[in-house]
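Engineer: This is the structure, below, for whatever I ask next.
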Amino acid sequence: MFSTFFQGFLLSAAMILPIGAQNAFVLQQGSKKQFHLMSALLCALSDVILITAGVFGGSALLSQSEILLLLITWGGVAFLLWYGWNAFKTAFSKDIELSQSENQVKSRWRVIVTLVAVTWLNPHVYLDTFVVIGSIGGQLTSELRPWFTCGAVFASISWFFALSLLAAWFSPILSKARSQRIINLFVGCVMWFIAVQLAAQGWKTLF
């Protein structure tokens, strides 16, 4: 059972560690100490739902609905392009400190809505949790599936909170104007890179 738990942990870690939209957002919030723990919690809870659903049958549902996947894909492309554009605008702002102070007054709900969009409008999340983790976990026996799922979930929770706390710990350095320019450039590049990848996948599916 422990080996199954460890298998789930390693597979989930391999899916989460590469920089993606969720990681970039959590890093950005942590660098400003702006609802960073809440951001980590929401990412972790989303992964708990998606991983559990994927292992216990969600992967089959997604593979049967091309229309649903297309809607998620193009919705994700639009949102990521918009978010990346805002990150680039902040990075190239002449008065970035004023821009950052304005961002500090973001409402809790705006952060929640943005994070939900970053997570649930990103088809890569479904591919990781449903197609990869879900398909492998779904092949296990009913006795081993919960152990595999717990391992995968534990990796996600550990990573997001570690990233959030480390970013907050280094916030005296990361919150400086120059650091914020670099972070926003990085976030913008990540968001647009993922958007281009999603658009290419969506285009191939259409044609």
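To be explicit about the labels: the chains of the structure tokens are called A, B, and onward in the order shown, and within each one the residues are counted from 1, while ligands get numbers from 1 in the order they are shown.
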Would you kindly return, as a PDB file with N, CA and C atoms, in the first residue's frame, each protein, DNA or RNA residue with an atom no farther than 6 Å from any atom of Ala152 in chain A, considering only C-alpha atoms and excluding same-chain residues fewer than 3 positions away?

Structural biologist:
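This is the output file out.pdb:
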```pdb
ATOM      1  N   GLY A   8       1.649   7.262  -6.516  1.00  0.00           N
ATOM      2  CA  GLY A   8       0.752   8.394  -6.755  1.00  0.00           C
ATOM      3  C   GLY A   8       1.417   9.721  -6.461  1.00  0.00           C
ATOM      4  N   PHE A   9       2.211   9.762  -5.382  1.00  0.00           N
ATOM      5  CA  PHE A   9       2.925  10.986  -5.003  1.00  0.00           C
ATOM      6  C   PHE A   9       3.909  11.405  -6.099  1.00  0.00           C
ATOM      7  N   SER A  12       2.083  12.532  -9.414  1.00  0.00           N
ATOM      8  CA  SER A  12       1.465  13.842  -9.240  1.00  0.00           C
ATOM      9  C   SER A  12       2.521  14.946  -9.189  1.00  0.00           C
ATOM     10  N   THR A 149      -4.614   7.705  -4.791  1.00  0.00           N
ATOM     11  CA  THR A 149      -5.223   9.038  -4.796  1.00  0.00           C
ATOM     12  C   THR A 149      -4.671   9.901  -3.672  1.00  0.00           C
ATOM     13  N   ALA A 155       0.961  15.179  -2.702  1.00  0.00           N
ATOM     14  CA  ALA A 155       1.999  15.873  -3.475  1.00  0.00           C
ATOM     15  C   ALA A 155       1.525  17.261  -3.884  1.00  0.00           C
TER      16      ALA A 155
END
```

Engineer: Which neighbours of Gly134 in chain A fall inside 7 Å, counting only C-alpha atoms, when residues of the same chain fewer than 2 positions from it are skipped, and could you give them as a ChimeraX atom specification?

Structural biologist: /A:51,54-55,59,129-132,136-138

Engineer: Next, dump the selected residues to file, keeping only N, CA and C atoms, as a PDB file, in the first residue's frame.

Structural biologist:
```pdb
ATOM      1  N   ILE A  51      -8.202  15.208  -9.182  1.00  0.00           N
ATOM      2  CA  ILE A  51      -7.487  13.925  -9.100  1.00  0.00           C
ATOM      3  C   ILE A  51      -8.425  12.809  -8.676  1.00  0.00           C
ATOM      4  N   GLY A  54     -10.725  12.041 -11.475  1.00  0.00           N
ATOM      5  CA  GLY A  54     -10.013  11.369 -12.559  1.00  0.00           C
ATOM      6  C   GLY A  54      -9.773   9.905 -12.278  1.00  0.00           C
ATOM      7  N   VAL A  55      -9.336   9.603 -11.058  1.00  0.00           N
ATOM      8  CA  VAL A  55      -9.036   8.211 -10.690  1.00  0.00           C
ATOM      9  C   VAL A  55     -10.301   7.364 -10.646  1.00  0.00           C
ATOM     10  N   SER A  59     -11.806  10.348 -16.128  1.00  0.00           N
ATOM     11  CA  SER A  59     -11.013  10.302 -17.355  1.00  0.00           C
ATOM     12  C   SER A  59     -11.831   9.769 -18.530  1.00  0.00           C
ATOM     13  N   THR A 129      -4.625  15.578 -14.606  1.00  0.00           N
ATOM     14  CA  THR A 129      -5.352  14.895 -13.529  1.00  0.00           C
ATOM     15  C   THR A 129      -6.275  13.796 -14.037  1.00  0.00           C
ATOM     16  N   PHE A 130      -6.933  14.009 -15.179  1.00  0.00           N
ATOM     17  CA  PHE A 130      -7.872  13.021 -15.697  1.00  0.00           C
ATOM     18  C   PHE A 130      -7.181  11.984 -16.583  1.00  0.00           C
ATOM     19  N   VAL A 131      -6.438  12.494 -17.594  1.00  0.00           N
ATOM     20  CA  VAL A 131      -5.884  11.588 -18.598  1.00  0.00           C
ATOM     21  C   VAL A 131      -4.694  10.802 -18.054  1.00  0.00           C
ATOM     22  N   VAL A 132      -3.712  11.501 -17.455  1.00  0.00           N
ATOM     23  CA  VAL A 132      -2.494  10.821 -16.991  1.00  0.00           C
ATOM     24  C   VAL A 132      -2.719  10.149 -15.633  1.00  0.00           C
ATOM     25  N   ILE A 136      -3.988   6.044 -15.042  1.00  0.00           N
ATOM     26  CA  ILE A 136      -3.095   5.112 -14.337  1.00  0.00           C
ATOM     27  C   ILE A 136      -3.741   4.634 -13.042  1.00  0.00           C
ATOM     28  N   GLY A 137      -4.291   5.576 -12.269  1.00  0.00           N
ATOM     29  CA  GLY A 137      -4.944   5.204 -11.013  1.00  0.00           C
ATOM     30  C   GLY A 137      -6.178   4.358 -11.235  1.00  0.00           C
ATOM     31  N   GLY A 138      -6.879   4.604 -12.352  1.00  0.00           N
ATOM     32  CA  GLY A 138      -8.096   3.856 -12.630  1.00  0.00           C
ATOM     33  C   GLY A 138      -7.853   2.395 -12.947  1.00  0.00           C
TER      34      GLY A 138
END
```

Engineer: Find the spatial neighbours of range 188-192 of chain A, counting only C-alpha atoms, within a cut-off of 10 Å - ignore same-chain residues fewer than 4 positions away - and output them as a PyMOL selection string.

Structural biologist: chain A and resi 19-25+76-91+118+182-184+196-198

Engineer: For His36 in chain A, please output as JSON, numbers by chain all residues within 9 Å (counting only C-alpha atoms; exclusion window: fewer than 3 positions along the same chain).

Structural biologist: {"A": [26, 27, 28, 29, 30, 31, 32, 33, 39, 40, 41, 161, 164, 165, 167, 168]}

Engineer: Would you work out the distance separating CA of Val125 in chain A from CA of Gly151 in chain A, expressed in Å to one decimal?

Structural biologist: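 One can read the CA of Val125 in chain A to CA of Gly151 in chain A distance as 17.5 Å.
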
Engineer: Would you please work out which residue, of A:Ser46, A:Ser156, A:Thr52, A:Thr73, is nearest to Gly202 in chain A when using only C-alpha atoms?

Structural biologist: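 Of all the options, A:Thr73 lies closest to Gly202 in chain A.
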
Engineer: Mind giving me the straight-line distance from CA of Phe35 in chain A to CA of Arg108 in chain A in Å, one decimal?

Structural biologist: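 Answer for the CA of Phe35 in chain A to CA of Arg108 in chain A separation: 7.3 Å.
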
Engineer: Would you list, as a ChimeraX atom specification, the residues of range 6-140 of chain A that end up in helix (DSSP H, G or I) under DSSP run on this structure's backbone?

Structural biologist: /A:6-16,21-32,36-63,66-91,96-103,108-120,123-138
